[in-house]
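Here is work.cif, consisting of mmCIF, C-alpha atoms and all ligand atoms:
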data_model
loop_
_atom_site.label_atom_id
_atom_site.label_comp_id
_atom_site.auth_asym_id
_atom_site.auth_seq_id
_atom_site.Cartn_x
_atom_site.Cartn_y
_atom_site.Cartn_z
CA MET A 5 -22.86 -11.45 1.13
CA ASN A 6 -23.45 -7.67 1.16
CA ILE A 7 -20.51 -5.38 1.79
CA ALA A 8 -19.77 -1.71 2.30
CA VAL A 9 -16.74 0.00 0.83
CA ILE A 10 -15.31 3.13 2.43
CA GLY A 11 -13.14 5.21 0.08
CA ALA A 12 -13.69 4.65 -3.65
CA GLY A 13 -10.20 5.48 -4.92
CA ASN A 14 -7.61 3.47 -6.82
CA ARG A 15 -7.29 0.59 -4.41
CA ALA A 16 -11.00 0.14 -3.76
CA ARG A 17 -11.77 0.09 -7.46
CA LYS A 18 -9.17 -2.63 -7.99
CA TYR A 19 -10.68 -4.74 -5.21
CA LEU A 20 -14.22 -4.17 -6.45
CA GLY A 21 -13.15 -5.57 -9.80
CA CYS A 22 -12.21 -8.88 -8.23
CA LEU A 23 -14.93 -9.64 -5.70
CA PRO A 24 -15.87 -13.32 -5.61
CA GLU A 25 -19.21 -14.48 -6.92
CA GLY A 26 -22.02 -13.80 -4.47
CA VAL A 27 -20.39 -10.73 -2.86
CA HIS A 28 -22.32 -7.53 -3.62
CA VAL A 29 -21.48 -3.92 -2.84
CA ARG A 30 -24.49 -2.67 -0.88
CA CYS A 31 -22.97 0.59 0.39
CA LEU A 32 -20.30 2.92 -0.94
CA VAL A 33 -18.86 5.82 1.06
CA GLU A 34 -16.89 8.47 -0.82
CA PRO A 35 -16.78 12.28 -0.36
CA ASP A 36 -15.84 13.04 -3.97
CA PRO A 37 -19.22 13.26 -5.75
CA LEU A 38 -17.91 12.39 -9.22
CA ARG A 39 -16.01 9.40 -7.90
CA LEU A 40 -19.00 8.26 -5.82
CA ARG A 41 -21.37 8.50 -8.76
CA GLN A 42 -19.07 6.85 -11.31
CA THR A 43 -17.97 4.05 -9.00
CA ALA A 44 -21.52 3.32 -7.88
CA ALA A 45 -22.65 3.14 -11.53
CA ARG A 46 -19.73 0.91 -12.53
CA PHE A 47 -20.26 -1.59 -9.73
CA GLY A 48 -24.06 -1.43 -9.48
CA VAL A 49 -24.39 0.13 -6.02
CA PRO A 50 -27.99 1.19 -5.30
CA ALA A 51 -28.67 4.90 -4.76
CA ASP A 52 -29.82 4.36 -1.15
CA GLY A 53 -26.44 2.76 -0.43
CA CYS A 54 -24.35 5.77 -1.55
CA PHE A 55 -22.98 8.03 1.18
CA SER A 56 -20.78 11.12 0.96
CA SER A 57 -19.32 10.69 4.45
CA PRO A 58 -18.63 7.91 6.95
CA ASP A 59 -20.77 9.77 9.51
CA ALA A 60 -23.80 9.61 7.20
CA PHE A 61 -23.11 5.93 6.54
CA PHE A 62 -22.70 4.94 10.21
CA ALA A 63 -25.70 7.08 11.26
CA SER A 64 -27.88 5.29 8.75
CA VAL A 65 -27.32 2.02 10.61
CA ILE A 66 -30.01 3.17 13.00
CA SER A 67 -32.36 4.61 10.43
CA SER A 68 -32.14 2.57 7.29
CA ALA A 69 -32.48 -1.00 6.20
CA ALA A 70 -29.44 -0.72 3.95
CA GLU A 71 -26.79 -1.10 6.67
CA ARG A 72 -28.53 -3.86 8.50
CA SER A 73 -27.59 -6.11 5.62
CA VAL A 74 -23.87 -5.25 5.65
CA ASP A 75 -21.83 -8.39 6.32
CA ALA A 76 -18.30 -6.95 5.93
CA VAL A 77 -16.51 -3.72 5.07
CA ILE A 78 -13.54 -2.86 2.86
CA ILE A 79 -11.73 0.27 4.07
CA ALA A 80 -9.56 1.93 1.42
CA ALA A 81 -9.75 5.53 2.65
CA PRO A 82 -6.67 7.66 3.45
CA ASP A 83 -4.22 6.17 5.95
CA ARG A 84 -5.00 8.45 8.90
CA LEU A 85 -8.67 7.34 8.84
CA HIS A 86 -7.99 3.61 9.00
CA VAL A 87 -8.24 3.12 12.76
CA PRO A 88 -11.19 5.47 13.47
CA LEU A 89 -13.19 3.89 10.63
CA ALA A 90 -12.22 0.31 11.42
CA LEU A 91 -13.08 0.79 15.11
CA GLN A 92 -16.61 1.85 14.22
CA CYS A 93 -17.04 -1.19 11.99
CA VAL A 94 -15.62 -3.60 14.56
CA GLU A 95 -17.89 -2.16 17.24
CA ARG A 96 -20.85 -2.97 14.97
CA GLY A 97 -19.55 -6.51 14.51
CA TRP A 98 -18.56 -6.06 10.85
CA PRO A 99 -15.40 -7.89 9.72
CA VAL A 100 -13.00 -5.51 7.97
CA LEU A 101 -10.57 -5.78 5.09
CA LEU A 102 -8.31 -2.82 5.88
CA GLU A 103 -5.75 -1.16 3.64
CA LYS A 104 -2.20 -0.79 4.87
CA PRO A 105 -0.75 0.74 6.94
CA ALA A 106 -3.26 -0.46 9.50
CA ALA A 107 -2.58 2.50 11.79
CA SER A 108 -0.50 5.67 12.05
CA THR A 109 0.78 5.01 15.57
CA GLU A 110 1.48 2.02 17.77
CA SER A 111 -1.15 3.05 20.31
CA ALA A 112 -3.82 3.35 17.61
CA TYR A 113 -2.80 -0.06 16.26
CA ARG A 114 -3.09 -1.57 19.73
CA SER A 115 -6.51 -0.03 20.29
CA LEU A 116 -7.85 -1.55 17.08
CA LEU A 117 -6.25 -4.90 17.87
CA ALA A 118 -7.82 -4.86 21.34
CA ALA A 119 -11.27 -4.01 19.95
CA SER A 120 -11.02 -6.72 17.30
CA GLU A 121 -10.09 -9.32 19.94
CA ARG A 122 -12.70 -8.14 22.44
CA LYS A 123 -15.49 -8.28 19.87
CA GLY A 124 -14.13 -11.40 18.13
CA VAL A 125 -14.35 -9.54 14.80
CA PRO A 126 -11.58 -10.21 12.25
CA VAL A 127 -9.60 -7.36 10.71
CA ALA A 128 -7.63 -8.50 7.66
CA LEU A 129 -4.92 -6.35 6.11
CA CYS A 130 -4.21 -5.68 2.43
CA LEU A 131 -0.65 -7.01 2.46
CA GLU A 132 -0.45 -8.38 -1.05
CA MET A 133 3.17 -9.50 -0.87
CA ARG A 134 1.93 -12.46 1.17
CA PHE A 135 -0.22 -13.51 -1.79
CA HIS A 136 2.35 -12.96 -4.54
CA PRO A 137 3.93 -16.13 -6.01
CA TYR A 138 7.44 -14.63 -6.12
CA PHE A 139 7.42 -13.61 -2.46
CA GLN A 140 5.69 -16.85 -1.45
CA ARG A 141 8.56 -18.73 -3.12
CA ILE A 142 11.11 -16.67 -1.17
CA LYS A 143 9.30 -17.63 2.02
CA GLU A 144 9.41 -21.33 1.08
CA LEU A 145 13.11 -21.17 0.23
CA THR A 146 13.97 -19.18 3.34
CA ALA A 147 12.89 -22.23 5.34
CA THR A 148 15.68 -24.23 3.61
CA LEU A 149 18.52 -21.88 4.61
CA GLY A 150 19.05 -23.21 8.13
CA GLN A 151 19.50 -20.76 10.96
CA LEU A 152 19.13 -17.29 9.45
CA ARG A 153 21.90 -14.81 10.24
CA GLU A 154 21.59 -11.73 8.00
CA ILE A 155 18.91 -10.09 5.87
CA ASP A 156 19.49 -7.20 3.51
CA HIS A 157 16.35 -5.85 1.86
CA THR A 158 15.98 -2.80 -0.38
CA GLU A 159 12.80 -1.19 -1.66
CA HIS A 160 13.68 0.81 -4.79
CA VAL A 161 10.61 3.01 -5.09
CA GLY A 162 11.22 3.81 -8.78
CA PRO A 163 11.24 7.26 -10.40
CA ASP A 164 7.60 7.32 -11.56
CA ARG A 165 6.08 6.09 -8.29
CA MET A 166 8.37 8.34 -6.27
CA ALA A 167 7.43 11.43 -8.27
CA HIS A 168 3.70 10.66 -8.46
CA THR A 169 3.06 9.40 -4.95
CA PHE A 170 5.75 10.64 -2.60
CA VAL A 171 6.80 13.97 -4.14
CA ARG A 172 3.75 15.41 -5.92
CA GLY A 173 1.08 13.16 -4.44
CA LEU A 174 -0.96 12.39 -1.35
CA TRP A 175 1.84 10.59 0.50
CA SER A 176 4.39 13.42 0.21
CA ARG A 177 3.82 15.12 3.55
CA ARG A 178 4.35 13.53 6.94
CA ALA A 179 1.50 15.48 8.56
CA ASP A 180 -0.99 14.04 6.06
CA ALA A 181 0.30 10.57 5.40
CA GLY A 182 2.88 9.76 8.06
CA PRO A 183 6.48 8.77 7.41
CA ILE A 184 7.34 7.15 4.09
CA PHE A 185 8.87 4.14 5.79
CA LEU A 186 5.46 3.35 7.29
CA SER A 187 3.42 4.06 4.17
CA LYS A 188 5.75 2.30 1.72
CA CYS A 189 7.80 -0.19 3.71
CA CYS A 190 5.13 -1.63 6.00
CA HIS A 191 4.78 -4.14 3.14
CA ASP A 192 8.50 -4.91 3.27
CA ALA A 193 8.62 -5.16 7.05
CA ASP A 194 5.60 -7.45 7.02
CA PHE A 195 7.33 -9.60 4.40
CA ILE A 196 10.47 -9.91 6.57
CA PHE A 197 8.57 -10.99 9.70
CA TRP A 198 6.24 -13.23 7.69
CA ILE A 199 9.11 -15.18 6.06
CA THR A 200 11.20 -15.46 9.23
CA GLY A 201 8.63 -15.76 11.99
CA ALA A 202 11.16 -13.78 14.05
CA ALA A 203 10.63 -11.42 16.96
CA LEU A 204 12.04 -7.92 17.15
CA ASP A 205 14.91 -7.83 19.62
CA GLY A 206 16.16 -4.53 20.98
CA PRO A 207 16.23 -1.08 19.45
CA VAL A 208 15.53 -0.01 15.88
CA ARG A 209 18.08 2.35 14.32
CA SER A 210 16.93 4.59 11.51
CA LYS A 211 18.49 7.31 9.41
CA GLY A 212 16.59 9.07 6.66
CA ALA A 213 16.80 12.30 4.69
CA ARG A 214 15.28 14.24 1.84
CA THR A 215 18.30 14.43 -0.37
CA LYS A 216 17.07 14.96 -3.91
CA PHE A 217 13.54 16.26 -4.28
CA ARG A 218 14.10 19.77 -2.93
CA ALA A 219 14.61 23.21 -4.41
CA SER A 220 18.38 23.02 -4.00
CA GLY A 221 18.39 19.91 -6.22
CA ALA A 222 16.63 21.65 -9.13
CA PRO A 223 18.63 21.87 -12.34
CA GLU A 224 19.46 25.41 -13.48
CA GLY A 225 16.48 26.90 -15.30
CA ALA A 226 13.84 24.40 -14.08
CA ALA A 227 10.34 25.94 -14.09
CA TYR A 228 7.71 25.39 -11.40
CA ARG A 229 5.46 23.48 -13.82
CA CYS A 230 6.59 20.86 -16.30
CA VAL A 231 4.31 22.20 -19.06
CA SER A 232 6.31 25.41 -19.15
CA CYS A 233 9.72 23.94 -18.31
CA PRO A 234 12.50 24.28 -20.90
CA LEU A 235 14.11 21.14 -19.46
CA ALA A 236 10.99 18.92 -19.63
CA ALA A 237 12.08 17.01 -22.75
CA THR A 238 15.15 15.64 -20.99
CA CYS A 239 13.90 15.46 -17.38
CA ARG A 240 13.29 11.90 -16.09
CA TYR A 241 10.59 13.25 -13.78
CA SER A 242 8.63 15.31 -16.33
CA ALA A 243 4.89 15.18 -15.59
CA VAL A 244 4.19 15.79 -19.28
CA SER A 245 6.08 12.64 -20.16
CA LEU A 246 4.63 10.59 -17.29
CA TYR A 247 0.94 11.35 -17.70
CA LEU A 248 0.43 12.71 -21.21
CA GLU A 249 3.02 10.88 -23.30
CA ARG A 250 3.48 7.58 -21.47
CA GLY A 251 -0.01 7.42 -19.91
CA GLU A 252 1.33 6.07 -16.59
CA TRP A 253 -0.20 6.67 -13.13
CA ILE A 254 -3.40 8.11 -14.58
CA ASP A 255 -5.92 5.84 -12.82
CA GLY A 256 -6.71 8.54 -10.27
CA PHE A 257 -7.65 11.18 -12.86
CA ASP A 258 -11.45 11.00 -12.96
CA VAL A 259 -13.06 12.17 -16.16
CA PRO A 260 -16.28 14.19 -15.77
CA ASP A 261 -19.09 13.61 -18.28
CA GLY A 262 -18.46 15.51 -21.51
CA GLU A 263 -14.69 15.73 -21.03
CA SER A 264 -11.83 13.56 -22.27
CA LEU A 265 -8.99 12.08 -20.24
CA GLU A 266 -6.56 14.24 -22.18
CA GLN A 267 -8.43 17.38 -21.15
CA VAL A 268 -8.32 16.27 -17.51
CA ILE A 269 -4.57 15.58 -17.71
CA ARG A 270 -3.87 18.90 -19.43
CA ARG A 271 -5.81 20.74 -16.73
CA GLU A 272 -3.87 18.87 -14.05
CA LEU A 273 -0.57 19.75 -15.73
CA ALA A 274 -1.59 23.41 -15.90
CA SER A 275 -2.92 23.88 -12.38
CA GLY A 276 -3.05 20.64 -10.35
CA ARG A 277 -0.63 19.13 -7.83
CA TYR A 278 0.55 16.52 -10.35
CA GLY A 279 1.83 19.16 -12.81
CA ARG A 280 4.42 20.51 -10.39
CA CYS A 281 8.19 20.27 -10.79
CA VAL A 282 9.51 17.56 -8.48
CA TYR A 283 12.12 20.02 -7.18
CA HIS A 284 9.52 22.65 -6.31
CA CYS A 285 6.85 20.73 -4.37
CA ASP A 286 5.87 20.95 -0.70
CA ASN A 287 7.00 17.36 -0.02
CA ASN A 288 8.80 16.63 3.22
CA VAL A 289 8.95 12.83 3.48
CA TYR A 290 12.37 11.22 3.16
CA ASP A 291 13.58 10.03 -0.22
CA THR A 292 16.20 7.72 1.24
CA GLN A 293 16.24 5.81 4.54
CA GLU A 294 18.27 3.07 6.22
CA VAL A 295 16.77 1.01 9.04
CA THR A 296 18.66 -1.61 11.00
CA ALA A 297 17.51 -3.92 13.77
CA THR A 298 18.17 -7.28 15.34
CA LEU A 299 15.58 -10.00 14.89
CA MET A 300 15.46 -13.09 17.06
CA THR A 301 14.57 -16.68 16.35
CA SER A 302 16.75 -19.16 18.20
CA ALA A 303 19.72 -16.94 17.27
CA PRO A 304 19.97 -13.27 16.36
CA ILE A 305 19.48 -12.13 12.75
CA ALA A 306 20.99 -8.82 11.60
CA LEU A 307 18.39 -6.92 9.56
CA ARG A 308 19.24 -4.05 7.20
CA MET A 309 16.38 -2.40 5.33
CA HIS A 310 16.79 0.37 2.84
CA LEU A 311 14.21 2.59 1.15
CA GLU A 312 15.63 4.29 -1.93
CA GLY A 313 13.58 6.82 -3.85
CA THR A 314 16.35 8.72 -5.63
CA SER A 315 17.71 6.13 -8.06
CA LEU A 316 16.27 4.97 -11.37
CA GLU A 317 15.94 1.41 -10.03
CA GLU A 318 12.49 0.02 -9.33
CA GLY A 319 11.55 -3.07 -7.33
CA ARG A 320 12.69 -5.01 -4.33
CA THR A 321 16.00 -6.80 -3.80
CA THR A 322 16.55 -9.26 -0.99
CA VAL A 323 19.61 -11.13 0.25
CA ILE A 324 19.19 -13.67 3.05
CA HIS A 325 22.16 -15.44 4.61
CA GLY A 326 21.49 -18.62 6.55
CA GLU A 327 23.91 -21.16 7.96
CA ALA A 328 22.91 -23.63 5.19
CA GLY A 329 22.78 -21.24 2.24
CA THR A 330 22.36 -17.76 0.80
CA LEU A 331 19.31 -16.56 -1.12
CA THR A 332 19.55 -13.64 -3.52
CA ALA A 333 16.42 -12.23 -5.14
CA ASP A 334 16.39 -9.25 -7.50
CA GLY A 335 12.67 -8.88 -8.12
CA GLY A 336 12.75 -11.32 -11.04
CA ARG A 337 15.25 -14.09 -10.28
CA ILE A 338 15.63 -16.06 -7.09
CA ARG A 339 18.97 -17.81 -6.63
CA VAL A 340 20.01 -19.98 -3.70
CA GLU A 341 23.56 -21.20 -3.17
CA TYR A 342 23.67 -23.93 -0.55
CA ALA A 343 26.66 -24.76 1.64
CA ASP A 344 26.75 -28.30 0.15
CA GLY A 345 27.34 -26.91 -3.37
CA ARG A 346 23.80 -27.14 -4.75
CA VAL A 347 22.56 -24.10 -6.66
CA LEU A 348 18.94 -23.28 -7.38
CA ASP A 349 18.04 -20.57 -9.89
CA GLU A 350 14.43 -19.65 -10.72
CA ASP A 351 13.05 -16.93 -12.95
CA TYR A 352 9.90 -15.02 -12.03
CA ALA A 353 10.54 -12.00 -14.26
CA HIS A 354 7.35 -12.71 -16.24
CA LEU A 355 5.31 -11.73 -13.14
CA ARG A 356 6.81 -8.24 -12.94
CA ASN A 357 4.28 -6.23 -14.91
CA LEU A 358 1.20 -8.38 -14.55
CA PRO A 359 -1.89 -6.46 -13.37
CA LEU A 360 -3.23 -6.46 -9.81
CA HIS A 361 0.24 -7.20 -8.38
CA ALA A 362 0.40 -10.38 -10.49
CA GLY A 363 -2.99 -11.48 -9.14
CA ALA A 364 -2.05 -10.99 -5.49
CA ASP A 365 -4.71 -8.28 -5.02
CA GLU A 366 -7.41 -10.67 -6.15
CA ALA A 367 -5.99 -13.45 -3.98
CA LEU A 368 -6.10 -11.30 -0.83
CA VAL A 369 -9.71 -10.28 -1.48
CA ARG A 370 -10.70 -13.91 -2.06
CA ASP A 371 -8.83 -15.03 1.05
CA PHE A 372 -10.77 -12.52 3.14
CA PHE A 373 -14.18 -13.67 1.94
CA ALA A 374 -13.23 -17.35 1.99
CA ALA A 375 -12.08 -16.92 5.60
CA LEU A 376 -15.39 -15.30 6.57
CA SER A 377 -17.38 -18.08 4.91
CA ALA A 378 -15.27 -20.80 6.53
CA GLY A 379 -15.17 -19.13 9.94
CA ARG A 380 -11.35 -19.10 9.93
CA GLN A 381 -8.93 -16.19 10.38
CA PRO A 382 -7.82 -14.42 7.18
CA SER A 383 -4.16 -14.97 6.19
CA ALA A 384 -2.90 -11.44 6.92
CA THR A 385 -4.29 -10.07 10.15
CA LEU A 386 -3.66 -7.32 12.66
CA VAL A 387 -2.11 -9.86 15.03
CA SER A 388 0.29 -11.28 12.48
CA SER A 389 1.49 -7.87 11.23
CA PHE A 390 1.87 -6.18 14.61
CA THR A 391 5.67 -6.55 14.90
CA ALA A 392 6.20 -5.39 11.32
CA HIS A 393 4.12 -2.27 11.89
CA ARG A 394 5.92 -1.70 15.18
CA LEU A 395 9.29 -1.74 13.39
CA CYS A 396 7.93 0.95 11.05
CA PHE A 397 6.55 3.07 13.91
CA LEU A 398 9.94 2.88 15.63
CA ALA A 399 11.82 3.69 12.41
CA GLY A 400 9.74 6.86 11.99
N1 LIG B 501 -1.92 -2.39 -0.72
C1 LIG B 501 -1.27 -1.60 -1.56
O1 LIG B 501 -0.40 -2.02 -2.33
C2 LIG B 501 -1.61 -0.15 -1.60
C3 LIG B 501 -1.19 0.63 -2.69
C4 LIG B 501 -1.54 1.97 -2.69
C5 LIG B 501 -2.27 2.51 -1.65
N2 LIG B 501 -2.63 1.72 -0.60
C6 LIG B 501 -3.43 2.25 0.52
O2 LIG B 501 -4.79 2.19 0.14
C7 LIG B 501 -5.50 3.30 0.69
C8 LIG B 501 -6.17 4.05 -0.45
O3 LIG B 501 -5.19 4.46 -1.36
P1 LIG B 501 -5.56 4.85 -2.86
O4 LIG B 501 -4.33 4.77 -3.65
O5 LIG B 501 -6.76 4.13 -3.30
O6 LIG B 501 -5.89 6.40 -2.62
P2 LIG B 501 -7.02 7.26 -3.32
O7 LIG B 501 -6.75 8.66 -2.93
O8 LIG B 501 -7.11 6.91 -4.75
O9 LIG B 501 -8.35 6.73 -2.61
C9 LIG B 501 -8.74 7.11 -1.33
C10 LIG B 501 -10.20 7.54 -1.42
O10 LIG B 501 -10.69 7.82 -0.12
C11 LIG B 501 -11.54 8.94 -0.23
N3 LIG B 501 -11.73 9.59 1.07
C12 LIG B 501 -11.14 10.72 1.56
N4 LIG B 501 -11.64 11.00 2.76
C13 LIG B 501 -12.58 10.05 3.03
C14 LIG B 501 -13.47 9.84 4.11
N5 LIG B 501 -13.49 10.66 5.17
N6 LIG B 501 -14.29 8.79 4.05
C15 LIG B 501 -14.30 7.95 2.99
N7 LIG B 501 -13.47 8.12 1.92
C16 LIG B 501 -12.63 9.16 1.96
C17 LIG B 501 -10.86 9.83 -1.24
O11 LIG B 501 -11.73 10.80 -1.79
C18 LIG B 501 -10.39 8.81 -2.26
O12 LIG B 501 -11.33 8.59 -3.28
C19 LIG B 501 -4.48 4.11 1.45
O13 LIG B 501 -4.51 3.78 2.79
C20 LIG B 501 -3.15 3.68 0.85
O14 LIG B 501 -2.05 3.81 1.72
C21 LIG B 501 -2.33 0.41 -0.58
#
Would you mind giving the structure from this file in structure tokens?
Ligand SMILES: NC(=O)c1ccc[n+]([C@@H]2O[C@H](COP(=O)([O-])OP(=O)(O)OC[C@H]3O[C@@H](n4cnc5c(N)ncnc54)[C@H](O)[C@@H]3O)[C@@H](O)[C@H]2O)c1
Amino acid sequence: MNIAVIGAGNRARKYLGCLPEGVHVRCLVEPDPLRLRQTAARFGVPADGCFSSPDAFFASVISSAAERSVDAVIIAAPDRLHVPLALQCVERGWPVLLEKPAASTESAYRSLLAASERKGVPVALCLEMRFHPYFQRIKELTATLGQLREIDHTEHVGPDRMAHTFVRGLWSRRADAGPIFLSKCCHDADFIFWITGAALDGPVRSKGARTKFRASGAPEGAAYRCVSCPLAATCRYSAVSLYLERGEWIDGFDVPDGESLEQVIRRELASGRYGRCVYHCDNNVYDTQEVTATLMTSAPIALRMHLEGTSLEEGRTTVIHGEAGTLTADGGRIRVEYADGRVLDEDYAHLRNLPLHAGADEALVRDFFAALSAGRQPSATLVSSFTAHRLCFLAG
């Protein structure tokens, strides 16, 4: 099977590392020349399959033999491009594995869904929680709780991810990346609807704010760049500590030939977006948000979701109350206390720091290609995630 990959960033490179046997990258589309060249070399993409823009790639369908042999496409480009790119693929009859969020608005989502159904072309979504053993176990156990009544779910973004992605990074501004609840919590919303099979009933209430990562929150004396900040040694959000000392979140720093990673990081700290003080960035997405709604199965379920980017906590916590029991999951342990006195306690903490979301990334890629080979629908599709995305669109 020959595939095309659009966007050769962090996610795409993870997926390319776990393609099943017999799947080859025939085309790669990436505007950053260094990234295009290095990724093509690493994954053996032929020169006539490398494109610096989607327009050049789609135009070559008419003129070159390369595209005629594309059997499927992975889209891992920035969020706002997902629907326009996926529509062009679907129109050409190419099945798509599409990064989340599938769309930026409900109408765009519906237009892609309609095109996929009209053409009979599957669009699978990269919703790895559905493939993660810990979340799969929560789904199994949720089915033992009887009629569900209440769900309380919190996404603790974690200080490093919050600083890197949603304060300094590419998902820090609503105009570029949409609201944080959509970009971060579409996973969580999908998880909730996937485990319950519920419908959304009535309005969605949402309250968010940017409470911490703003100039007024800066400690006295904080500099605009961490490299020159007198407080850097004690600041939890120091970019020097994050990238240079701890070596975290550095996958996106491409190293040109003849340079070292350290040189690239030092240059970024001195003049790039990732060297900025978290209190002096141009971020405007919320750092805390509460969303409540009523879900419906055969009885109503009260849903409370919470995105928290200001605390030092990291990971997801979930509490589900059913008429037959209560499930509590803290990201490592899952505990169920049943009404009849039974208690179940399972530990999944060993999965926490395993690569590729504990193998879930690889599982979703394999599911996509297995589904294409077998002529079945992939496990996470546009249809099955519509209500979850809708909750996020309504939450704003
Ligand atoms: N499933 C997950 O857990 C998960 C995690 C992080 C990000 N994501 C999503 O994956 C997607 C990619 O995120 P990432 O972290 O890899 O970001 P990234 O910035 O590392 O990669 C995106 C790539 O797309 C390229 N690009 C920009 N404009 C393009 C265009 N017009 N055509 C083709 N490529 C273009 C960029 O140069 C970049 O290399 C985003 O939609 C993001 O929301 C998903």
Using all atoms of stretch 351-355 of chain A that appear in the file, construct an axis-aligned enclosing box with 3 Å of padding on every side and provide its centre coordinates and edge lengths in Å, rounded to one decimal, as AutoDock Vina command-line options.
--center_x 9.2 --center_y -14.3 --center_z -14.1 --size_x 13.7 --size_y 11.2 --size_z 10.2
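Among the candidates A:Asn288, A:Gln92, A:Ser111, A:Ser187, the one nearest to A:Val77 when counting all atoms listed in the file is A:Gln92.
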Which chain A residues have any atom within 9 Å of an atom of ligand LIG 501 (chain B), and for each, what is the nearest pair of atoms with distance in Å to one decimal, counting only C-alpha atoms and all ligand atoms, rows sorted by chain and number, as a tab-separated table?
residue	atom	partner	partner_atom	distance
A:Val9	CA	B:LIG501	C15	8.6
A:Ile10	CA	B:LIG501	C15	5.0
A:Gly11	CA	B:LIG501	N7	3.5
A:Ala12	CA	B:LIG501	O12	4.6
A:Gly13	CA	B:LIG501	O9	3.2
A:Asn14	CA	B:LIG501	O5	3.7
A:Arg15	CA	B:LIG501	O5	3.7
A:Ala16	CA	B:LIG501	O5	5.8
A:Arg17	CA	B:LIG501	O5	7.7
A:Lys18	CA	B:LIG501	O5	8.6
A:Leu32	CA	B:LIG501	C15	8.8
A:Val33	CA	B:LIG501	C15	5.4
A:Glu34	CA	B:LIG501	N7	4.4
A:Pro35	CA	B:LIG501	O11	5.5
A:Asp36	CA	B:LIG501	O11	5.2
A:Pro37	CA	B:LIG501	O11	8.8
A:Arg39	CA	B:LIG501	O12	6.6
A:Leu40	CA	B:LIG501	O12	8.1
A:Phe55	CA	B:LIG501	C15	8.9
A:Ser56	CA	B:LIG501	C15	7.5
A:Ser57	CA	B:LIG501	N6	5.4
A:Pro58	CA	B:LIG501	N6	5.3
A:Asp59	CA	B:LIG501	N5	8.5
A:Ile79	CA	B:LIG501	C7	7.7
A:Ala80	CA	B:LIG501	C7	4.3
A:Ala81	CA	B:LIG501	O10	3.7
A:Pro82	CA	B:LIG501	O13	4.5
A:Asp83	CA	B:LIG501	O13	4.0
A:Arg84	CA	B:LIG501	O13	7.7
A:Leu85	CA	B:LIG501	N5	6.9
A:His86	CA	B:LIG501	O13	7.1
A:Leu89	CA	B:LIG501	N6	8.3
A:Leu102	CA	B:LIG501	O13	8.2
A:Glu103	CA	B:LIG501	O2	4.9
A:Lys104	CA	B:LIG501	C6	5.4
A:Pro105	CA	B:LIG501	O14	6.2
A:Ala106	CA	B:LIG501	O13	8.0
A:Leu129	CA	B:LIG501	N1	8.4
A:Cys130	CA	B:LIG501	N1	5.1
A:Leu131	CA	B:LIG501	N1	5.8
A:Glu132	CA	B:LIG501	N1	6.2
A:Met133	CA	B:LIG501	O1	8.4
A:Thr169	CA	B:LIG501	O4	8.8
A:Leu174	CA	B:LIG501	O7	7.1
A:Trp175	CA	B:LIG501	O14	7.9
A:Ala181	CA	B:LIG501	O14	8.0
A:Ser187	CA	B:LIG501	O14	6.0
A:Lys188	CA	B:LIG501	O14	7.9
A:His191	CA	B:LIG501	O1	7.8
A:Asp255	CA	B:LIG501	O8	8.2
A:Gly256	CA	B:LIG501	O8	5.8
A:His361	CA	B:LIG501	O1	8.0
A:Asp365	CA	B:LIG501	N1	7.8
> Could you pull the residues within 8 Å of stretch 145-148 of chain A, counting only C-alpha atoms, minus those fewer than 2 positions along the same chain, as an MDAnalysis selection string?
Replying inline: chainID A and resid 141:143 150 199:200 324 328:329 331
>> Just the number, please: distance in Å from atom CA of A:Leu358 to atom CA of A:Ser377, one decimal.
In response: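 Here the two named atoms are 28.6 Å from each other.
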>> Can you tell me which residues surround A:Pro359 at a distance of at most 12 Å, considering all atoms listed in the file, apart from same-chain residues fewer than 4 positions away, and format the answer as a list in words?
In response: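 The residues that qualify are Lys18, Gly21, Cys22, His136, His354, Leu355, Gly363, Ala364, Asp365 and Glu366 of chain A.
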> What is the distance between atom CA of A:Gly212 and atom CA of A:Arg356, in Å to one decimal?
Replying inline: 27.9 Å
>> I'd like to know which of A:Ser73, A:Phe372, A:Ser388, A:Thr332 is closest to A:Val347, using all atoms listed in the file.
In response: A:Thr332
> In terms of the shortest atom-to-atom distance over only C-alpha atoms, which of A:Arg346, A:Arg209, A:His325, A:Arg30 is closest to A:Gly53?
Replying inline: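 Selected residue with least distance to A:Gly53: A:Arg30.
Taking all atoms listed in the file into account, A:Ala222 lies nearest to A:Val282 out of the set A:Trp253, A:Arg153, A:Val282, A:Asp75.
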>> Calculated over only C-alpha atoms, which of the candidates A:Tyr247, A:Tyr342, A:Tyr278, A:Tyr283 has the smallest distance to A:Thr215?
In response: A:Tyr283
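With distances taken over only C-alpha atoms, A:Met5 is the one residue among A:Cys54, A:Ala378, A:Ala90, A:Met5 lying closest to A:Val27.
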Quick one: residues within 10 Å of A:Arg114, all atoms listed in the file counted, chain neighbours fewer than 3 positions away excluded, as a JSON list (two decimals) with C-alpha atoms, in the frame of the given file?
[["chain", "number", "residue", "atom", "x", "y", "z"],
["A", 87, "VAL", "CA", -8.24, 3.12, 12.76],
["A", 107, "ALA", "CA", -2.58, 2.50, 11.79],
["A", 109, "THR", "CA", 0.78, 5.01, 15.57],
["A", 110, "GLU", "CA", 1.48, 2.02, 17.77],
["A", 111, "SER", "CA", -1.15, 3.05, 20.31],
["A", 117, "LEU", "CA", -6.25, -4.90, 17.87],
["A", 118, "ALA", "CA", -7.82, -4.86, 21.34],
["A", 119, "ALA", "CA", -11.27, -4.01, 19.95],
["A", 120, "SER", "CA", -11.02, -6.72, 17.30],
["A", 386, "LEU", "CA", -3.66, -7.32, 12.66],
["A", 387, "VAL", "CA", -2.11, -9.86, 15.03],
["A", 390, "PHE", "CA", 1.87, -6.18, 14.61]]
